[in-house]
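**Q** Dumping the structure here so I can ask a few things about it.
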Amino acid sequence: MNRTFGDRLILVLVIGAAFVWMMPMLWVLSLSLRPNEELVRSTAGILPWPKTLEHFATLLRVSLTPRWLLNSVIVAFGMTALTLLLSSLAGYAFARIDFPGRRAVFLLVMAGLMIPEQAILVPLHAMLADWEMHNTYFSLIAPRLAGPMGVFLMTQFFKAVPRELEEAAELDNASRLKIFWSVMLPLSRPALTTLGIFTFLFAWNDFLWPVVTATQPEMYTLSVGLGSLQGNFAMSEGLGFLMASAVFASAPMVILYVVFQRYIVQGITLTSGK
Amino acid sequence: MTVTSVQDAGSRPHGLARYRDALSGYAFLAPFLAFYAVFLLYPFGLGLWMSLHDWEIVGDYREFIGLLNYQELWDDPYFWEALKRTLQFAAITAPAATVLGLVLALALNGPLRLHGALRAVFFASNIFSVTVVTLVWSMVLNPDRGLIANGMRAVGLEPIAFLADQDWAMPALVVTTLWWVAGFPMALFLAGLQQIPPEVYEAARLDNASRWAVLRRITLPALARTTLLVVVLQTVMHLQVFGQPLLMTRGGPANSTRPLVQLIYETSFRDWRSGYASTVSVVLFVMMFCVALLQFRLSRQEGD
């Protein structure tokens with residue numbers, strides 16, 4: 001392909017923009033690897049680095065960060081597994097089982113897409129306060145299982161699966177549950193992967209609900225914990241520690257992104273319909 | 001004889017099958033519907049109910065006051081200020097993110113590995129949590145030790161305290177947000193570009209059409225649907241802005257960056273006035289509902 005001067009110029013400009021784009025993250029990474037004594041004098045430049053891992057050591061030894069990491073892992077995996085299970089069960093019913101009231105129930109569920117989390121934040125808090133369930137994994141996970149997006153995606157997916165694949169199993173007189181489990185679920189691995197990655201990303205980065213329901217530092221997720229550190233910007237541990245926390249909290253997402261980039265970019269077009 | 005028995009044999013399993021379908025249908029749905037009813041429908045109704053009450057977050061004090069909360073809202077300067085700031089933020093950020101996403105998509109819709117790598121770079125900031133993004137940008141914008149302040153000093157300029165300055169705080173939040181989200185519209189536009197048939201471009205090339213003409217006559221019209229989708233998604237998203245002002249400016253200076261969600265959050269969880277906070281939530285819901293309806297109408301029109 002012959003490339004014109006215009007194409008080259010655009011490419012050069014975009015490469016420049018990409019460097020500017022990456023600069024904040026690279027700079028923070030470099031700050032997290034410099035000793036505090038140096039940071040007090042100057043935060044200029046990106047190089048030379050790395051110099052020290054002391055901030056990461058502090059983070060793991062004396063802060064609550066390991067606990068927050070554990071909470072985030074539990075919440076993210078729990079929410080992902082349960083979302084996949086609930087969505088695929090419901091999606092299968094909507095796509096494949098002819099039961100009375102199907103259309104009405106489907107519309108009722110899809111109407112939930114119109115209700116934003118902010119609209120139910122306050123009553124949800126009141127409800128869980130009544131149950132005395134705040135500051136539990138249950139309250140961090142359960143309200144997030146009510147969103148209809150996963151059901152919508154799985155319904156669309158199951159509808160597109162050719163009928164013939166189930167008919168063989170139906171002739172064998174297999175039960176619905178067995179057909180679902182041993183025929184449909186294995187077929188839906190691509191859809192489940194996409195939904196799973198997005199749920200995991202969402203759970204990991206979730207902020208509004210966790211900041212409301214988790215008020216005890218032991219129950220913070222990484223995202224909430226990092227937010228709480230920003231309250232005391234001039235904290236005793238110093239700038240290096242703060243920057244190391246930011247790097248630490250984003251590292252799992254960077255890894256996930258590098259591994260699953262293809263799915264993430266594909267999934268975006270999927271989740272936003274067409 | 002034989003005919004009736006065949007009919008019998010046919011109709012009975014048929015009725016049974018229908019019954020079994022109904023049963024298994026609802027059995028498959030039950031787990032999700034339980035969560036949906038308890039954690040979405042019920043709180044939504046409760047929120048409407050709470051908005052008619054003087055309702056304290058702690059304790060049992062709740063008194064039915066009809067529409068008094070709505071009346072108070074009408075006279076509340078904090079509400080109007082927050083509404084104004086929310087609309088302002090969304091009205092700047094949504095179009096800016098759309099344009100930025102479009103420009104990036106147009107520039108990076110190429111076959112080279114380099115294009116792929118650059119797409120990955122611009123999309124990457126999307127995966128960070130709001131707390132990571134605000135921490136990074138608070139530091140970048142910091143007037144004493146920030147990245148931008150360092151740069152300004154290096155060229156002999158006086159650093160600006162962006163987040164503490166009434167004129168700069170909002171633009172600073174917008175820039176932070178654009179850095180965070182612009183990869184998302186870019187990905188949507190790239191998907192839209194992929195759907196344009198290559199033959200169309202072939203024809204234009206044979207006509208020796210200029211780059212600008214191709215963009216205006218072919219590419220942009222073909223992206224109309226995607227653009228509508230992006231604008232709506234972005235608008236709805238930025239009407240919900242919360243973490244950036246909460247963590248970077250606390251709504252200041254002088255309430256110049258406090259959006260509705262932060263008002264809801266503070267009214268309920270700092271001032272304990274959950275009834276009134278629910279009233280603000282209802283208003284926010286209605287706003288977002290209208291945007292979604294608008295999209296529905298527009299996409300219908302286009303389909304016709």
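Residues in the structure tokens are named by chain (A, B, ... in the order shown) and by number from 1 within that chain; ligands are numbered from 1 in the order shown.
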For region 94-98 of chain A, work out the shell of residues within 12 Å, counting only C-alpha atoms and skipping chain neighbours fewer than 2 positions away, then give it as an NGL selection string.
**A** (:A and (87-92 or 100-107 or 109-110 or 151-163 or 166-167 or 176-177 or 179-180 or 184)) or (:B and (17-30 or 32))
**Q** Could the residues of chain B within 7 Å of chain A, counting only C-alpha atoms, be given as a PyMOL selection string, please?
**A** chain B and resi 21-22+25+28-29+31-32+35-36+39-40+43-44+46-47+57+107+118+121-122+127-129+131-132+135-136+140+145+150+187-188+191+247+261+268+274+278+281-282+285+289
**Q** Between CA of Glu199 (chain B) and CA of Ile218 (chain B), what distance in Å does the model show, to one decimal?
**A**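 One can read the CA of Glu199 (chain B) to CA of Ile218 (chain B) distance as 11.4 Å.
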**Q** Residues of region 183-246 of chain B in alpha helix (DSSP H) according to DSSP, as a PyMOL selection string?
**A** chain B and resi 183-194+198-206+211-214+220-222+224-239+243-246
**Q** I'd like the contact shell of Leu102 (chain B) - 7 Å cut-off, only C-alpha atoms, skipping same-chain residues fewer than 4 positions apart - returned as an NGL selection string.
**A** :B and (98 or 106 or 186 or 189)
**Q** Please, could you write that set of residues out with all heavy atoms as a PDB file, in the first residue's frame?
**A**
ATOM      1  N   THR B  98     -17.010  13.098  22.070  1.00  0.00           N
ATOM      2  CA  THR B  98     -17.453  12.572  20.780  1.00  0.00           C
ATOM      3  C   THR B  98     -16.487  13.000  19.668  1.00  0.00           C
ATOM      4  O   THR B  98     -16.043  12.167  18.868  1.00  0.00           O
ATOM      5  CB  THR B  98     -18.871  13.081  20.458  1.00  0.00           C
ATOM      6  OG1 THR B  98     -19.728  12.768  21.556  1.00  0.00           O
ATOM      7  CG2 THR B  98     -19.410  12.436  19.203  1.00  0.00           C
ATOM      8  N   LEU B 106     -10.680   8.211  13.210  1.00  0.00           N
ATOM      9  CA  LEU B 106     -10.335   8.485  11.815  1.00  0.00           C
ATOM     10  C   LEU B 106      -8.829   8.356  11.597  1.00  0.00           C
ATOM     11  O   LEU B 106      -8.374   7.812  10.593  1.00  0.00           O
ATOM     12  CB  LEU B 106     -10.802   9.892  11.417  1.00  0.00           C
ATOM     13  CG  LEU B 106     -12.315  10.076  11.288  1.00  0.00           C
ATOM     14  CD1 LEU B 106     -12.651  11.548  11.089  1.00  0.00           C
ATOM     15  CD2 LEU B 106     -12.876   9.232  10.150  1.00  0.00           C
ATOM     16  N   MET B 186     -13.997   6.353  20.755  1.00  0.00           N
ATOM     17  CA  MET B 186     -13.074   5.975  19.679  1.00  0.00           C
ATOM     18  C   MET B 186     -13.354   4.546  19.224  1.00  0.00           C
ATOM     19  O   MET B 186     -13.450   4.278  18.012  1.00  0.00           O
ATOM     20  CB  MET B 186     -11.624   6.097  20.158  1.00  0.00           C
ATOM     21  CG  MET B 186     -10.605   5.628  19.130  1.00  0.00           C
ATOM     22  SD  MET B 186      -8.928   5.491  19.791  1.00  0.00           S
ATOM     23  CE  MET B 186      -9.033   3.934  20.678  1.00  0.00           C
ATOM     24  N   PHE B 189     -16.575   4.392  17.232  1.00  0.00           N
ATOM     25  CA  PHE B 189     -16.398   4.942  15.879  1.00  0.00           C
ATOM     26  C   PHE B 189     -15.585   3.996  15.003  1.00  0.00           C
ATOM     27  O   PHE B 189     -15.867   3.852  13.806  1.00  0.00           O
ATOM     28  CB  PHE B 189     -15.743   6.318  15.934  1.00  0.00           C
ATOM     29  CG  PHE B 189     -16.703   7.425  16.254  1.00  0.00           C
ATOM     30  CD1 PHE B 189     -16.530   8.221  17.375  1.00  0.00           C
ATOM     31  CD2 PHE B 189     -17.798   7.664  15.429  1.00  0.00           C
ATOM     32  CE1 PHE B 189     -17.426   9.248  17.663  1.00  0.00           C
ATOM     33  CE2 PHE B 189     -18.701   8.681  15.716  1.00  0.00           C
ATOM     34  CZ  PHE B 189     -18.512   9.476  16.837  1.00  0.00           C
TER      35      PHE B 189
END
**Q** Give me, as a PyMOL selection string, all polymer residues having an atom no more than 12 Å from Glu158 (chain B), counting only C-alpha atoms and skipping those fewer than 4 positions away in the same chain.
**A** chain B and resi 143-144+148-154+162
**Q** Could you write out the selected residues, including N, CA and C atoms, as a PDB file, in the first residue's frame?
**A**
ATOM      1  N   PRO B 143      -0.385  22.543  41.806  1.00  0.00           N
ATOM      2  CA  PRO B 143       0.385  23.760  41.487  1.00  0.00           C
ATOM      3  C   PRO B 143       1.818  23.749  42.034  1.00  0.00           C
ATOM      4  N   ASP B 144       2.095  22.954  43.084  1.00  0.00           N
ATOM      5  CA  ASP B 144       3.444  22.963  43.661  1.00  0.00           C
ATOM      6  C   ASP B 144       4.372  21.960  42.986  1.00  0.00           C
ATOM      7  N   ILE B 148       2.202  19.621  35.108  1.00  0.00           N
ATOM      8  CA  ILE B 148       1.987  20.828  34.314  1.00  0.00           C
ATOM      9  C   ILE B 148       2.717  22.024  34.930  1.00  0.00           C
ATOM     10  N   ALA B 149       2.680  22.121  36.274  1.00  0.00           N
ATOM     11  CA  ALA B 149       3.384  23.215  36.952  1.00  0.00           C
ATOM     12  C   ALA B 149       4.883  23.144  36.666  1.00  0.00           C
ATOM     13  N   ASN B 150       5.442  21.918  36.694  1.00  0.00           N
ATOM     14  CA  ASN B 150       6.860  21.744  36.364  1.00  0.00           C
ATOM     15  C   ASN B 150       7.169  22.283  34.976  1.00  0.00           C
ATOM     16  N   GLY B 151       6.285  21.934  34.048  1.00  0.00           N
ATOM     17  CA  GLY B 151       6.476  22.378  32.675  1.00  0.00           C
ATOM     18  C   GLY B 151       6.373  23.890  32.544  1.00  0.00           C
ATOM     19  N   MET B 152       5.396  24.482  33.251  1.00  0.00           N
ATOM     20  CA  MET B 152       5.207  25.926  33.161  1.00  0.00           C
ATOM     21  C   MET B 152       6.409  26.670  33.745  1.00  0.00           C
ATOM     22  N   ARG B 153       6.913  26.152  34.884  1.00  0.00           N
ATOM     23  CA  ARG B 153       8.093  26.781  35.488  1.00  0.00           C
ATOM     24  C   ARG B 153       9.287  26.704  34.541  1.00  0.00           C
ATOM     25  N   ALA B 154       9.414  25.566  33.874  1.00  0.00           N
ATOM     26  CA  ALA B 154      10.556  25.362  32.984  1.00  0.00           C
ATOM     27  C   ALA B 154      10.586  26.404  31.868  1.00  0.00           C
ATOM     28  N   PHE B 162      -5.001  24.994  39.274  1.00  0.00           N
ATOM     29  CA  PHE B 162      -6.184  24.723  38.455  1.00  0.00           C
ATOM     30  C   PHE B 162      -7.411  24.356  39.271  1.00  0.00           C
TER      31      PHE B 162
END
**Q** Contacts of Pro259 (chain B) at 12 Å or less, counting only C-alpha atoms, minus same-chain residues fewer than 2 places along, as a ChimeraX atom specification?
**A** /B:78-90,170,173,238-246,249-252,255-257,261-266,280-281,284
**Q** Set the distance at 10 Å and use only C-alpha atoms: which residues neighbour Val200 (chain B) once local chain neighbours fewer than 5 positions away are removed? I'd like the list as an MDAnalysis selection string.
**A** chainID B and resid 205 214 218:219
**Q** Print the selection's residues with N, CA and C atoms to a file, as a PDB file, in the first residue's frame.
**A**
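Output file again_10.pdb follows:
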ATOM      1  N   ARG B 205     -11.948   6.901  -4.959  1.00  0.00           N
ATOM      2  CA  ARG B 205     -10.546   7.040  -5.364  1.00  0.00           C
ATOM      3  C   ARG B 205     -10.421   7.153  -6.885  1.00  0.00           C
ATOM      4  N   VAL B 214     -13.977  13.027   0.639  1.00  0.00           N
ATOM      5  CA  VAL B 214     -14.333  11.662   1.040  1.00  0.00           C
ATOM      6  C   VAL B 214     -14.875  11.663   2.465  1.00  0.00           C
ATOM      7  N   ILE B 218     -18.688  10.780   2.341  1.00  0.00           N
ATOM      8  CA  ILE B 218     -18.877   9.344   2.565  1.00  0.00           C
ATOM      9  C   ILE B 218     -18.787   8.980   4.046  1.00  0.00           C
ATOM     10  N   THR B 219     -17.633   9.292   4.643  1.00  0.00           N
ATOM     11  CA  THR B 219     -17.376   8.764   5.979  1.00  0.00           C
ATOM     12  C   THR B 219     -18.344   9.320   7.024  1.00  0.00           C
TER      13      THR B 219
END
**Q** Calculated over only C-alpha atoms, which of the candidates B:Ala124, B:Ala34, B:Leu206, B:Leu163 has the smallest distance to Ala254 (chain B)?
**A**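 Result for the nearest residue to Ala254 (chain B): B:Leu163.
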**Q** From the DSSP assignment of the backbone, select every residue of region 54-127 of chain B that is strand (DSSP E), and format the answer as an MDAnalysis selection string.
**A** chainID B and resid 54:55 62:64
**Q** Restrict the selected residues to all heavy atoms and save them as an mmCIF file, in the first residue's frame.
**A**
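That gives us part.cif:
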data_model
loop_
_atom_site.group_PDB
_atom_site.id
_atom_site.type_symbol
_atom_site.label_atom_id
_atom_site.label_comp_id
_atom_site.auth_asym_id
_atom_site.auth_seq_id
_atom_site.Cartn_x
_atom_site.Cartn_y
_atom_site.Cartn_z
ATOM 1 N N ASP B 54 -40.247 13.460 54.991
ATOM 2 C CA ASP B 54 -39.102 13.956 55.721
ATOM 3 C C ASP B 54 -38.497 12.704 56.365
ATOM 4 O O ASP B 54 -39.072 12.146 57.282
ATOM 5 C CB ASP B 54 -39.571 14.956 56.796
ATOM 6 C CG ASP B 54 -38.410 15.780 57.298
ATOM 7 O OD1 ASP B 54 -37.271 15.472 56.920
ATOM 8 O OD2 ASP B 54 -38.646 16.730 58.057
ATOM 9 N N TRP B 55 -37.362 12.256 55.852
ATOM 10 C CA TRP B 55 -36.879 10.906 56.167
ATOM 11 C C TRP B 55 -35.417 11.015 56.544
ATOM 12 O O TRP B 55 -34.588 11.389 55.720
ATOM 13 C CB TRP B 55 -37.070 10.034 54.928
ATOM 14 C CG TRP B 55 -36.812 8.580 55.090
ATOM 15 C CD1 TRP B 55 -35.666 7.996 55.538
ATOM 16 C CD2 TRP B 55 -37.699 7.504 54.752
ATOM 17 N NE1 TRP B 55 -35.786 6.640 55.520
ATOM 18 C CE2 TRP B 55 -37.029 6.310 55.047
ATOM 19 C CE3 TRP B 55 -39.000 7.437 54.252
ATOM 20 C CZ2 TRP B 55 -37.613 5.053 54.843
ATOM 21 C CZ3 TRP B 55 -39.565 6.187 54.040
ATOM 22 C CH2 TRP B 55 -38.885 5.012 54.340
ATOM 23 N N ARG B 62 -39.539 9.528 60.206
ATOM 24 C CA ARG B 62 -40.013 9.699 58.840
ATOM 25 C C ARG B 62 -41.442 10.207 58.878
ATOM 26 O O ARG B 62 -42.323 9.618 59.472
ATOM 27 C CB ARG B 62 -39.894 8.392 58.056
ATOM 28 C CG ARG B 62 -40.134 7.140 58.866
ATOM 29 C CD ARG B 62 -39.460 5.934 58.257
ATOM 30 N NE ARG B 62 -38.027 5.880 58.515
ATOM 31 C CZ ARG B 62 -37.264 4.823 58.250
ATOM 32 N NH1 ARG B 62 -37.774 3.769 57.710
ATOM 33 N NH2 ARG B 62 -35.987 4.836 58.519
ATOM 34 N N GLU B 63 -41.639 11.346 58.248
ATOM 35 C CA GLU B 63 -42.966 11.949 58.295
ATOM 36 C C GLU B 63 -43.413 12.259 56.880
ATOM 37 O O GLU B 63 -42.658 12.830 56.093
ATOM 38 C CB GLU B 63 -42.890 13.242 59.118
ATOM 39 C CG GLU B 63 -44.249 13.864 59.371
ATOM 40 C CD GLU B 63 -44.121 15.323 59.815
ATOM 41 O OE1 GLU B 63 -43.008 15.714 60.231
ATOM 42 O OE2 GLU B 63 -45.112 16.056 59.711
ATOM 43 N N PHE B 64 -44.636 11.863 56.557
ATOM 44 C CA PHE B 64 -45.172 12.128 55.226
ATOM 45 C C PHE B 64 -45.432 13.623 55.060
ATOM 46 O O PHE B 64 -46.118 14.227 55.865
ATOM 47 C CB PHE B 64 -46.472 11.339 55.034
ATOM 48 C CG PHE B 64 -47.005 11.443 53.627
ATOM 49 C CD1 PHE B 64 -46.525 10.598 52.637
ATOM 50 C CD2 PHE B 64 -47.957 12.388 53.297
ATOM 51 C CE1 PHE B 64 -46.994 10.698 51.337
ATOM 52 C CE2 PHE B 64 -48.433 12.496 51.991
ATOM 53 C CZ PHE B 64 -47.947 11.650 51.015
#
**Q** Rank nothing, just name the residue among A:Ala76, A:Val62, A:Leu140, A:Leu84 nearest to Ser188 (chain A), using only C-alpha atoms.
**A**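 Distance minimum relative to Ser188 (chain A) lands on A:Leu84.
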